[in-house]
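*Asks:* Structure supplied as data26.pdb; contents: PDB, C-alpha atoms.
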```pdb
MODEL        1
ATOM      1  CA  MET A  66       0.000   0.000   0.000
ATOM      2  CA  THR A  67       1.284   3.477  -0.882
ATOM      3  CA  LYS A  68       2.307   5.454   2.191
ATOM      4  CA  LEU A  69       0.646   8.824   2.889
ATOM      5  CA  VAL A  70       2.793  11.737   4.111
ATOM      6  CA  PHE A  71       1.392  14.806   5.847
ATOM      7  CA  VAL A  72       3.500  17.881   4.987
ATOM      8  CA  THR A  73       3.117  21.124   6.937
ATOM      9  CA  GLY A  74       4.228  24.324   5.211
ATOM     10  CA  ALA A  75       3.958  22.486   1.911
ATOM     11  CA  ASP A  76       3.768  25.570  -0.321
ATOM     12  CA  GLY A  77       7.072  27.201   0.679
ATOM     13  CA  MET A  78      10.397  26.942  -1.149
ATOM     14  CA  LEU A  79      11.489  23.775   0.632
ATOM     15  CA  GLY A  80       7.977  22.356   1.027
ATOM     16  CA  SER A  81       7.313  22.625  -2.704
ATOM     17  CA  SER A  82      10.468  20.651  -3.477
ATOM     18  CA  ILE A  83       9.693  18.107  -0.765
ATOM     19  CA  CYS A  84       6.212  17.504  -2.222
ATOM     20  CA  ARG A  85       7.787  16.885  -5.634
ATOM     21  CA  GLU A  86      10.401  14.554  -4.189
ATOM     22  CA  LEU A  87       7.743  12.598  -2.287
ATOM     23  CA  ILE A  88       5.774  12.085  -5.491
ATOM     24  CA  GLU A  89       8.980  11.108  -7.310
ATOM     25  CA  GLN A  90       9.670   8.464  -4.649
ATOM     26  CA  GLY A  91       6.140   7.042  -4.885
ATOM     27  CA  TYR A  92       4.449   8.523  -1.815
ATOM     28  CA  LYS A  93       0.989  10.071  -1.595
ATOM     29  CA  VAL A  94       0.973  13.611  -0.216
ATOM     30  CA  LYS A  95      -1.413  15.563   1.961
ATOM     31  CA  ALA A  96      -0.142  19.132   1.714
ATOM     32  CA  MET A  97      -1.055  21.471   4.560
ATOM     33  CA  CYS A  98      -0.920  25.211   3.874
ATOM     34  CA  LEU A  99      -1.812  28.188   6.041
ATOM     35  CA  LYS A 100      -5.230  29.673   5.383
ATOM     36  CA  GLY A 101      -5.071  32.578   2.954
ATOM     37  CA  ARG A 102      -1.702  31.654   1.476
ATOM     38  CA  ALA A 103      -1.158  31.449  -2.268
ATOM     39  CA  THR A 104      -0.398  27.892  -3.342
ATOM     40  CA  ASN A 105       0.900  28.547  -6.860
ATOM     41  CA  THR A 106       4.041  26.523  -6.239
ATOM     42  CA  ILE A 107       2.123  23.255  -5.755
ATOM     43  CA  ASN A 108      -1.172  23.796  -7.580
ATOM     44  CA  ASP A 109       0.026  21.636 -10.467
ATOM     45  CA  LEU A 110       0.865  18.653  -8.254
ATOM     46  CA  PRO A 111      -1.291  15.551  -7.616
ATOM     47  CA  VAL A 112      -1.580  16.240  -3.886
ATOM     48  CA  GLU A 113      -4.465  16.660  -1.462
ATOM     49  CA  MET A 114      -4.360  20.226  -0.147
ATOM     50  CA  VAL A 115      -5.758  21.189   3.243
ATOM     51  CA  PHE A 116      -5.735  24.620   4.874
ATOM     52  CA  GLY A 117      -5.262  25.258   8.548
ATOM     53  CA  ASP A 118      -2.967  26.266  11.388
ATOM     54  CA  ILE A 119      -0.459  24.157  13.336
ATOM     55  CA  LEU A 120      -1.688  25.906  16.500
ATOM     56  CA  ASP A 121      -5.090  24.223  15.979
ATOM     57  CA  LYS A 122      -4.771  20.704  17.435
ATOM     58  CA  LYS A 123      -8.314  19.727  16.472
ATOM     59  CA  PHE A 124      -7.519  20.522  12.844
ATOM     60  CA  LEU A 125      -4.242  18.581  13.018
ATOM     61  CA  MET A 126      -5.918  15.522  14.522
ATOM     62  CA  HIS A 127      -8.595  15.507  11.821
ATOM     63  CA  GLU A 128      -6.166  15.928   8.909
ATOM     64  CA  MET A 129      -3.267  13.786  10.152
ATOM     65  CA  LEU A 130      -5.557  10.822  10.855
ATOM     66  CA  GLY A 131      -4.734   8.054   8.391
ATOM     67  CA  CYS A 132      -1.280   9.424   7.479
ATOM     68  CA  ASP A 133       1.788   7.242   7.889
ATOM     69  CA  TYR A 134       4.438   9.962   8.210
ATOM     70  CA  VAL A 135       4.693  13.692   8.843
ATOM     71  CA  ILE A 136       7.294  16.133   7.547
ATOM     72  CA  HIS A 137       7.015  19.301   9.605
ATOM     73  CA  ILE A 138       8.290  22.413   7.822
ATOM     74  CA  ALA A 139       5.814  25.139   8.824
ATOM     75  CA  ALA A 140       7.410  27.893  10.905
ATOM     76  CA  LEU A 141       7.862  31.632  11.149
ATOM     77  CA  LEU A 142      11.300  32.427   9.743
ATOM     78  CA  SER A 143      11.831  36.183   9.906
ATOM     79  CA  VAL A 144      14.842  37.587  11.766
ATOM     80  CA  TRP A 145      13.022  40.936  12.215
ATOM     81  CA  PRO A 146      11.810  41.889  14.673
ATOM     82  CA  ARG A 147      14.349  40.021  16.760
ATOM     83  CA  ARG A 148      11.760  39.366  19.460
ATOM     84  CA  SER A 149       8.300  37.988  18.654
ATOM     85  CA  ASP A 150       5.880  36.163  20.947
ATOM     86  CA  LEU A 151       3.966  34.860  17.927
ATOM     87  CA  MET A 152       7.128  33.383  16.459
ATOM     88  CA  LYS A 153       7.885  31.524  19.682
ATOM     89  CA  LYS A 154       4.304  30.264  19.841
ATOM     90  CA  VAL A 155       4.251  29.006  16.248
ATOM     91  CA  ASN A 156       7.747  27.521  16.214
ATOM     92  CA  ILE A 157       7.636  25.871  19.640
ATOM     93  CA  GLN A 158       3.975  25.209  20.478
ATOM     94  CA  GLY A 159       3.172  24.444  16.837
ATOM     95  CA  THR A 160       5.943  21.855  16.707
ATOM     96  CA  GLN A 161       4.780  20.356  19.990
ATOM     97  CA  ASN A 162       1.233  20.091  18.610
ATOM     98  CA  VAL A 163       2.405  18.237  15.495
ATOM     99  CA  MET A 164       4.560  15.951  17.642
ATOM    100  CA  GLU A 165       1.746  15.153  20.111
ATOM    101  CA  ILE A 166      -0.729  14.308  17.349
ATOM    102  CA  ALA A 167       1.842  12.165  15.514
ATOM    103  CA  LYS A 168       2.540  10.348  18.768
ATOM    104  CA  GLU A 169      -1.153   9.829  19.556
ATOM    105  CA  LEU A 170      -1.806   8.497  16.053
ATOM    106  CA  LYS A 171       1.257   6.226  16.278
ATOM    107  CA  MET A 172       2.676   7.548  13.025
ATOM    108  CA  GLU A 173       5.752   5.735  11.743
ATOM    109  CA  ARG A 174       8.090   8.731  11.770
ATOM    110  CA  MET A 175       8.239  12.504  12.039
ATOM    111  CA  VAL A 176      10.861  14.434  10.083
ATOM    112  CA  HIS A 177      11.287  17.919  11.500
ATOM    113  CA  ILE A 178      12.926  20.745   9.569
ATOM    114  CA  GLY A 179      15.069  22.729  11.975
ATOM    115  CA  THR A 180      18.038  24.990  11.256
ATOM    116  CA  ALA A 181      21.808  24.629  11.267
ATOM    117  CA  SER A 182      21.829  27.636  13.623
ATOM    118  CA  SER A 183      20.897  25.172  16.378
ATOM    119  CA  PHE A 184      24.577  24.200  16.350
ATOM    120  CA  GLY A 185      27.724  26.224  16.702
ATOM    121  CA  HIS A 186      29.379  27.131  13.417
ATOM    122  CA  GLY A 187      33.098  27.033  12.703
ATOM    123  CA  GLU A 188      35.775  27.943  10.188
ATOM    124  CA  LYS A 189      36.371  26.265   6.827
ATOM    125  CA  SER A 190      39.227  24.284   8.363
ATOM    126  CA  ASP A 191      37.073  23.217  11.315
ATOM    127  CA  PRO A 192      33.369  23.553  10.395
ATOM    128  CA  GLY A 193      30.510  23.112  12.814
ATOM    129  CA  THR A 194      28.933  19.672  13.207
ATOM    130  CA  GLU A 195      25.988  18.120  15.021
ATOM    131  CA  ASN A 196      28.263  17.925  18.084
ATOM    132  CA  SER A 197      28.998  21.670  18.130
ATOM    133  CA  ALA A 198      27.364  23.382  21.098
ATOM    134  CA  TYR A 199      24.535  25.835  20.450
ATOM    135  CA  ALA A 200      25.677  29.456  20.632
ATOM    136  CA  GLY A 201      22.705  31.228  19.029
ATOM    137  CA  PHE A 202      21.686  32.938  22.271
ATOM    138  CA  LYS A 203      24.289  35.664  21.602
ATOM    139  CA  TYR A 204      22.207  37.024  18.699
ATOM    140  CA  GLY A 205      19.093  37.677  20.775
ATOM    141  CA  MET A 206      16.774  36.412  18.011
ATOM    142  CA  ASP A 207      13.563  34.558  18.756
ATOM    143  CA  TYR A 208      13.750  32.805  15.379
ATOM    144  CA  ILE A 209      17.023  31.058  16.217
ATOM    145  CA  GLU A 210      16.102  30.462  19.845
ATOM    146  CA  SER A 211      12.604  29.142  19.086
ATOM    147  CA  LYS A 212      13.898  26.672  16.496
ATOM    148  CA  TYR A 213      16.485  25.456  19.003
ATOM    149  CA  GLN A 214      13.847  25.043  21.716
ATOM    150  CA  ALA A 215      11.639  23.079  19.302
ATOM    151  CA  GLN A 216      14.574  20.798  18.572
ATOM    152  CA  LEU A 217      15.192  20.223  22.262
ATOM    153  CA  LEU A 218      11.573  19.252  22.960
ATOM    154  CA  LEU A 219      11.616  16.720  20.106
ATOM    155  CA  LEU A 220      14.884  15.171  21.283
ATOM    156  CA  LYS A 221      13.551  14.999  24.834
ATOM    157  CA  GLU A 222      10.417  13.210  23.630
ATOM    158  CA  TYR A 223      12.582  10.694  21.778
ATOM    159  CA  LYS A 224      14.667  10.135  24.905
ATOM    160  CA  ASP A 225      11.637   9.868  27.206
ATOM    161  CA  SER A 226       9.272   7.790  25.066
ATOM    162  CA  GLY A 227      11.139   6.626  21.966
ATOM    163  CA  PHE A 228       9.095   8.964  19.751
ATOM    164  CA  PRO A 229      10.283   8.284  16.185
ATOM    165  CA  VAL A 230      11.726  11.611  15.054
ATOM    166  CA  ILE A 231      14.620  12.744  12.868
ATOM    167  CA  ILE A 232      15.643  16.403  12.673
ATOM    168  CA  LEU A 233      17.057  17.923   9.513
ATOM    169  CA  ASN A 234      19.025  21.155   9.974
ATOM    170  CA  PRO A 235      19.433  23.037   6.667
ATOM    171  CA  THR A 236      22.027  25.720   6.125
ATOM    172  CA  PHE A 237      21.357  28.640   3.725
ATOM    173  CA  MET A 238      19.149  27.283   0.941
ATOM    174  CA  ILE A 239      19.075  28.417  -2.671
ATOM    175  CA  GLY A 240      16.592  27.089  -5.221
ATOM    176  CA  PRO A 241      13.274  27.368  -7.067
ATOM    177  CA  TYR A 242       9.750  28.013  -5.674
ATOM    178  CA  ASP A 243      11.009  30.883  -3.494
ATOM    179  CA  PHE A 244       7.809  32.904  -3.882
ATOM    180  CA  GLY A 245       8.481  35.117  -0.804
ATOM    181  CA  PRO A 246      11.118  35.696  -1.980
ATOM    182  CA  SER A 247      13.470  34.826   0.881
ATOM    183  CA  SER A 248      17.031  33.693   0.193
ATOM    184  CA  GLY A 249      16.571  34.518  -3.489
ATOM    185  CA  GLN A 250      16.197  38.240  -2.807
ATOM    186  CA  MET A 251      19.913  38.787  -3.311
ATOM    187  CA  LEU A 252      19.838  36.930  -6.646
ATOM    188  CA  ILE A 253      16.997  39.151  -7.806
ATOM    189  CA  ALA A 254      19.027  42.168  -6.676
ATOM    190  CA  ILE A 255      22.009  40.976  -8.736
ATOM    191  CA  CYS A 256      19.808  40.538 -11.809
ATOM    192  CA  LYS A 257      18.493  44.083 -11.333
ATOM    193  CA  ASP A 258      21.986  45.534 -10.695
ATOM    194  CA  LYS A 259      21.010  46.611  -7.180
ATOM    195  CA  LEU A 260      23.574  44.685  -5.129
ATOM    196  CA  LYS A 261      26.836  46.613  -4.850
ATOM    197  CA  TRP A 262      28.515  45.575  -1.585
ATOM    198  CA  TYR A 263      29.644  42.444   0.227
ATOM    199  CA  ASN A 264      31.148  41.927   3.666
ATOM    200  CA  SER A 265      33.841  39.663   5.019
ATOM    201  CA  GLY A 266      31.697  36.858   6.463
ATOM    202  CA  GLY A 267      30.550  33.608   4.898
ATOM    203  CA  LYS A 268      27.970  30.832   5.013
ATOM    204  CA  ASN A 269      27.354  27.239   4.150
ATOM    205  CA  PHE A 270      25.145  27.220   1.037
ATOM    206  CA  VAL A 271      22.994  24.315  -0.149
ATOM    207  CA  CYS A 272      20.555  23.625  -2.994
ATOM    208  CA  SER A 273      17.029  23.319  -1.621
ATOM    209  CA  VAL A 274      16.318  20.332  -3.878
ATOM    210  CA  ASP A 275      19.117  18.440  -2.099
ATOM    211  CA  VAL A 276      17.592  19.238   1.289
ATOM    212  CA  ALA A 277      14.242  17.998  -0.031
ATOM    213  CA  LYS A 278      15.746  14.677  -1.069
ATOM    214  CA  ALA A 279      17.417  14.277   2.328
ATOM    215  CA  ALA A 280      14.108  15.044   4.089
ATOM    216  CA  VAL A 281      12.225  12.398   2.117
ATOM    217  CA  ASN A 282      15.057   9.882   2.513
ATOM    218  CA  ALA A 283      14.849  10.500   6.267
ATOM    219  CA  LEU A 284      11.415   8.849   6.311
ATOM    220  CA  THR A 285      13.151   5.494   5.961
ATOM    221  CA  LYS A 286      16.856   6.206   6.444
ATOM    222  CA  GLY A 287      18.949   7.670   9.238
ATOM    223  CA  ARG A 288      18.873   7.102  12.977
ATOM    224  CA  LEU A 289      15.935   8.071  15.170
ATOM    225  CA  GLY A 290      16.589  10.793  17.693
ATOM    226  CA  GLU A 291      19.413  12.237  15.588
ATOM    227  CA  CYS A 292      20.025  15.610  13.948
ATOM    228  CA  TYR A 293      21.487  16.010  10.467
ATOM    229  CA  ILE A 294      23.018  19.241   9.172
ATOM    230  CA  ALA A 295      21.851  19.568   5.567
ATOM    231  CA  GLY A 296      24.425  21.720   3.809
ATOM    232  CA  ASN A 297      27.007  21.713   1.049
ATOM    233  CA  GLU A 298      29.523  24.433   0.138
ATOM    234  CA  ASN A 299      31.297  26.659   2.669
ATOM    235  CA  LEU A 300      31.829  29.945   0.850
ATOM    236  CA  THR A 301      32.820  33.484   1.758
ATOM    237  CA  TYR A 302      30.295  36.012   0.530
ATOM    238  CA  LYS A 303      32.727  37.083  -2.167
ATOM    239  CA  GLU A 304      33.106  33.475  -3.334
ATOM    240  CA  PHE A 305      29.327  33.028  -3.423
ATOM    241  CA  PHE A 306      28.718  36.252  -5.322
ATOM    242  CA  LEU A 307      31.445  35.407  -7.833
ATOM    243  CA  LYS A 308      29.590  32.154  -8.534
ATOM    244  CA  ALA A 309      26.257  33.974  -8.705
ATOM    245  CA  PHE A 310      27.455  36.649 -11.130
ATOM    246  CA  LYS A 311      29.003  33.982 -13.353
ATOM    247  CA  SER A 312      25.813  31.870 -13.315
ATOM    248  CA  ILE A 313      23.705  34.922 -14.188
ATOM    249  CA  ASN A 314      26.216  35.885 -16.899
ATOM    250  CA  LYS A 315      27.039  39.262 -15.372
ATOM    251  CA  THR A 316      30.385  40.915 -14.654
ATOM    252  CA  PHE A 317      31.254  40.897 -10.945
ATOM    253  CA  ASN A 318      31.346  44.522  -9.799
ATOM    254  CA  MET A 319      30.704  44.389  -6.040
ATOM    255  CA  LYS A 320      32.907  46.159  -3.506
ATOM    256  CA  PRO A 321      33.846  45.074   0.042
ATOM    257  CA  VAL A 322      32.331  46.846   3.054
ATOM    258  CA  SER A 323      33.624  46.639   6.619
ATOM    259  CA  SER A 324      31.676  44.888   9.358
ATOM    260  CA  THR A 325      31.626  48.137  11.366
ATOM    261  CA  ILE A 326      29.840  49.983   8.593
ATOM    262  CA  LEU A 327      27.504  47.025   8.038
ATOM    263  CA  LEU A 328      26.555  46.858  11.725
ATOM    264  CA  SER A 329      25.946  50.604  11.812
ATOM    265  CA  LEU A 330      23.668  50.415   8.777
ATOM    266  CA  GLY A 331      21.763  47.520  10.313
ATOM    267  CA  PHE A 332      21.398  49.309  13.645
ATOM    268  CA  PHE A 333      19.988  52.497  12.145
ATOM    269  CA  SER A 334      17.764  50.577   9.693
ATOM    270  CA  SER A 335      16.248  48.627  12.585
ATOM    271  CA  ALA A 336      15.758  51.815  14.612
ATOM    272  CA  ILE A 337      13.893  53.458  11.740
ATOM    273  CA  ALA A 338      11.864  50.294  11.166
ATOM    274  CA  ARG A 339      10.699  50.293  14.786
ATOM    275  CA  LEU A 340       9.415  53.826  14.291
ATOM    276  CA  ASN A 341       7.615  53.353  10.965
ATOM    277  CA  LYS A 342       6.635  49.707  11.602
ATOM    278  CA  LYS A 343       8.023  48.592   8.228
ATOM    279  CA  LYS A 344      10.368  45.637   7.832
ATOM    280  CA  PRO A 345      13.873  46.882   6.980
ATOM    281  CA  LYS A 346      15.799  45.525   4.008
ATOM    282  CA  LEU A 347      18.836  45.226   6.284
ATOM    283  CA  SER A 348      18.174  44.731   9.992
ATOM    284  CA  TYR A 349      20.645  44.756  12.860
ATOM    285  CA  GLY A 350      19.996  41.046  13.377
ATOM    286  CA  MET A 351      20.861  40.317   9.761
ATOM    287  CA  THR A 352      24.158  42.177  10.087
ATOM    288  CA  LEU A 353      25.053  40.331  13.297
ATOM    289  CA  LEU A 354      24.733  37.056  11.413
ATOM    290  CA  ALA A 355      26.291  38.301   8.183
ATOM    291  CA  LYS A 356      29.601  39.338   9.696
ATOM    292  CA  GLU A 357      30.404  35.809  10.922
ATOM    293  CA  ASN A 358      31.846  32.736   9.227
ATOM    294  CA  GLN A 359      28.929  30.309   9.500
ATOM    295  CA  TYR A 360      30.567  27.174   8.147
ATOM    296  CA  PHE A 361      29.251  23.643   8.689
ATOM    297  CA  SER A 362      29.919  20.048   7.701
ATOM    298  CA  SER A 363      27.117  17.986   6.139
ATOM    299  CA  LYS A 364      29.101  14.728   6.151
ATOM    300  CA  LYS A 365      26.604  12.963   8.423
ATOM    301  CA  ALA A 366      23.614  13.757   6.173
ATOM    302  CA  VAL A 367      25.524  12.765   3.045
ATOM    303  CA  THR A 368      26.610   9.457   4.582
ATOM    304  CA  GLU A 369      23.436   8.407   6.413
ATOM    305  CA  LEU A 370      20.658  10.064   4.394
ATOM    306  CA  ASN A 371      22.238   9.814   0.932
ATOM    307  CA  MET A 372      21.951  13.576   0.585
ATOM    308  CA  PRO A 373      23.191  14.816  -2.817
ATOM    309  CA  GLN A 374      25.719  17.640  -3.070
ATOM    310  CA  THR A 375      24.616  19.557  -6.141
ATOM    311  CA  PRO A 376      26.963  22.437  -7.045
ATOM    312  CA  ILE A 377      25.542  25.696  -5.728
ATOM    313  CA  GLU A 378      25.817  27.144  -9.254
ATOM    314  CA  ASP A 379      23.015  24.771 -10.252
ATOM    315  CA  GLY A 380      20.826  25.990  -7.392
ATOM    316  CA  ILE A 381      21.484  29.594  -8.399
ATOM    317  CA  ALA A 382      20.551  28.838 -12.017
ATOM    318  CA  GLN A 383      17.355  27.016 -10.971
ATOM    319  CA  SER A 384      16.384  29.878  -8.675
ATOM    320  CA  VAL A 385      16.965  32.591 -11.281
ATOM    321  CA  GLU A 386      15.106  30.596 -13.934
ATOM    322  CA  TRP A 387      12.123  30.230 -11.611
ATOM    323  CA  PHE A 388      12.141  33.952 -10.800
ATOM    324  CA  LYS A 389      12.216  34.795 -14.494
ATOM    325  CA  ASN A 390       9.387  32.400 -15.337
ATOM    326  CA  ASN A 391       7.245  33.818 -12.542
ATOM    327  CA  GLY A 392       7.702  37.515 -13.192
ATOM    328  CA  TYR A 393      10.089  38.454 -10.402
ATOM    329  CA  ILE A 394      12.805  39.511 -12.846
TER     330      ILE A 394
ENDMDL
END
```
As structure tokens, what does this structure read like?

*Replies:*
Amino acid sequence: MTKLVFVTGADGMLGSSICRELIEQGYKVKAMCLKGRATNTINDLPVEMVFGDILDKKFLMHEMLGCDYVIHIAALLSVWPRRSDLMKKVNIQGTQNVMEIAKELKMERMVHIGTASSFGHGEKSDPGTENSAYAGFKYGMDYIESKYQAQLLLLKEYKDSGFPVIILNPTFMIGPYDFGPSSGQMLIAICKDKLKWYNSGGKNFVCSVDVAKAAVNALTKGRLGECYIAGNENLTYKEFFLKAFKSINKTFNMKPVSSTILLSLGFFSSAIARLNKKKPKLSYGMTLLAKENQYFSSKKAVTELNMPQTPIEDGIAQSVEWFKNNGYI
């Protein structure tokens, strides 16, 4: 019998790729989306769509009944404002609700999408791993802290009751179906010749389609009660932008900017945003993260979940193509 997978946050960048990967691997999909959200990224897929809220346990019980697995993606992801009671409620209580219903229904496995920020990052020569201690508290961001707390409650439930959960911790994802847009904003800016500066930090970049494959593989592979950093290439921002400009067929013309200037811009942008109640393009929280070398190893996910390592140039090309086809560029 074909297994049925309940996917929360199914219409987002990662969720859209996960739904496609599930279909590719022969699963049936029940795709949960938030009420009022556009679902253009999955409207063409042979999935059952349901609309609701992960804070509504009655809804979850009704819709998860009869499903074999759950992949939990739905979350609030913004790093501005840095403090948000709603974000903590959605990311922690929402995750607990999904977990409790999955446990009550005796589902075979829950795959939870966390974040690599739940682990300490490192340098290229010594990148962060699943054993690196959490250090996200220093940023004072409810997004990072709430995702970490959600991870802890899932791991505790596994330890206490054997609840069958695997946690996938993506790094910075690039790929198609980014309707927000989120990570793809900087690629759009490059295409429109609006991105002129880069700073000295760096990140681990990964193609979202690779994370999707790892998430679906985690339904039957990997070890219960374990976390898996889902990443690929550790790149300085200059290295990433050089790849991006080349993929977009543009001449690299960005200039370096110091972390001091970047932090100052972020501070004043956030101050103005608090006054006019409009989300800043560059917040203080963003600059705190941007100035660091956030490098990770994805060896565990590659080895145990058969996670592909597609060159980031391919993810950039897929993202830009999707933006072009959907009128963003």

*Asks:* Would you give the centre and edge lengths, in Å to one decimal, of a box along x, y and z around the listed atoms of region 261-280 of chain A, with 8 Å added to each side, as JSON?

*Replies:*
```
{"center_x": 24.0, "center_y": 30.4, "center_z": 0.8, "size_x": 35.7, "size_y": 48.3, "size_z": 27.3}
```

*Asks:* So which residues get picked by the PyMOL selection byres ((chain A and resi 300-309) around 8) here, written as a list in words?

*Replies:*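 Matching residues under the PyMOL selection byres ((chain A and resi 300-309) around 8) are Leu252, Tyr263, Asn264, Ser265, Gly266, Gly267, Lys268, Asn269, Phe270, Glu298, Asn299, Phe310, Lys311, Ser312, Ile313, Phe317, Asn358, Tyr360, Glu378 and Ile381 of chain A.
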
*Asks:* What is the CA of Gln90 (chain A)-CA of Ala75 (chain A) distance in Å, reported with one decimal?

*Replies:* 16.5 Å

*Asks:* Which residue, A:Asn297, A:Val385, A:Lys221, A:Glu195, has the smallest gap to Gln250 (chain A) when you use only C-alpha atoms?

*Replies:*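 Selected residue with least distance to Gln250 (chain A): A:Val385.
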
*Asks:* To test your reading of the syntax: which residues would the PyMOL selection byres ((chain A and resi 88) around 12) return for the file shown? Reply as a list in words.

*Replies:*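 Applying the PyMOL selection byres ((chain A and resi 88) around 12) to the structure shown produces Thr67, Lys68, Leu69, Val70, Ser81, Ser82, Ile83, Cys84, Arg85, Glu86, Leu87, Glu89, Gln90, Gly91, Tyr92, Lys93, Val94, Lys95, Ala96, Ile107, Leu110, Pro111, Val112, Glu113, Ala277, Lys278 and Val281 of chain A.
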
*Asks:* Can you list what the PyMOL selection byres ((chain A and resi 140) around 7) grabs from this structure, as number ranges by chain?

*Replies:* A: 138-139, 141-142, 155-156

*Asks:* From the set A:Pro241, A:Gly179, A:Gly201, A:Pro229, which residue has the shortest atom-to-atom contact distance to Tyr134 (chain A), counting only C-alpha atoms?

*Replies:*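 That would be A:Pro229, the residue with the smallest distance to Tyr134 (chain A).
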
*Asks:* Using all atoms listed in the file, determine which residues lie at most 10 Å from Ala103 (chain A), disregarding the query and same-chain residues fewer than 3 positions distant; provide the list as a list in words.

*Replies:*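 After dropping sequence-adjacent residues, the list is Asp76, Gly77, Cys98, Leu99, Lys100, Thr106, Ile107, Asn108 and Phe244 of chain A.
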
*Asks:* Would you save the residues from that selection as a JSON list (two decimals), in the coordinates of the input, using C-alpha atoms?

*Replies:*
```json
[["chain", "number", "residue", "atom", "x", "y", "z"],
["A", 76, "ASP", "CA", 3.77, 25.57, -0.32],
["A", 77, "GLY", "CA", 7.07, 27.20, 0.68],
["A", 98, "CYS", "CA", -0.92, 25.21, 3.87],
["A", 99, "LEU", "CA", -1.81, 28.19, 6.04],
["A", 100, "LYS", "CA", -5.23, 29.67, 5.38],
["A", 106, "THR", "CA", 4.04, 26.52, -6.24],
["A", 107, "ILE", "CA", 2.12, 23.26, -5.76],
["A", 108, "ASN", "CA", -1.17, 23.80, -7.58],
["A", 244, "PHE", "CA", 7.81, 32.90, -3.88]]
```

*Asks:* One number please: CA of Val163 (chain A) to CA of Val72 (chain A), in Å, one decimal.

*Replies:*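 Distance between the two atoms: 10.6 Å.
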
*Asks:* As an exercise, work out the distance from CA of Asn282 (chain A) to CA of Gly240 (chain A) in Å and give it to one decimal place.

*Replies:*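 Separation of CA of Asn282 (chain A) and CA of Gly240 (chain A): 18.9 Å.
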
*Asks:* Show me, as a list in words, the residues that have an atom within 9 Å of Ile394 (chain A) when counting only C-alpha atoms, minus same-chain residues fewer than 4 positions from it.

*Replies:*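 Using only C-alpha atoms, the neighbours found are Ile253, Cys256, Lys257, Val385, Phe388, Lys389 and Asn390 of chain A.
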
*Asks:* Between A:Val274, A:Met97, A:Met319, A:Leu130, which residue has the minimum interatomic distance to Phe116 (chain A), considering all atoms listed in the file?

*Replies:*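 Once distances to Phe116 (chain A) are computed over all atoms listed in the file, the minimum belongs to A:Met97.
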
*Asks:* Could you tell me which of A:Gly392, A:Gly290, A:Pro376, A:Gly296 comes closest to Val176 (chain A) if we count only C-alpha atoms?

*Replies:* A:Gly290
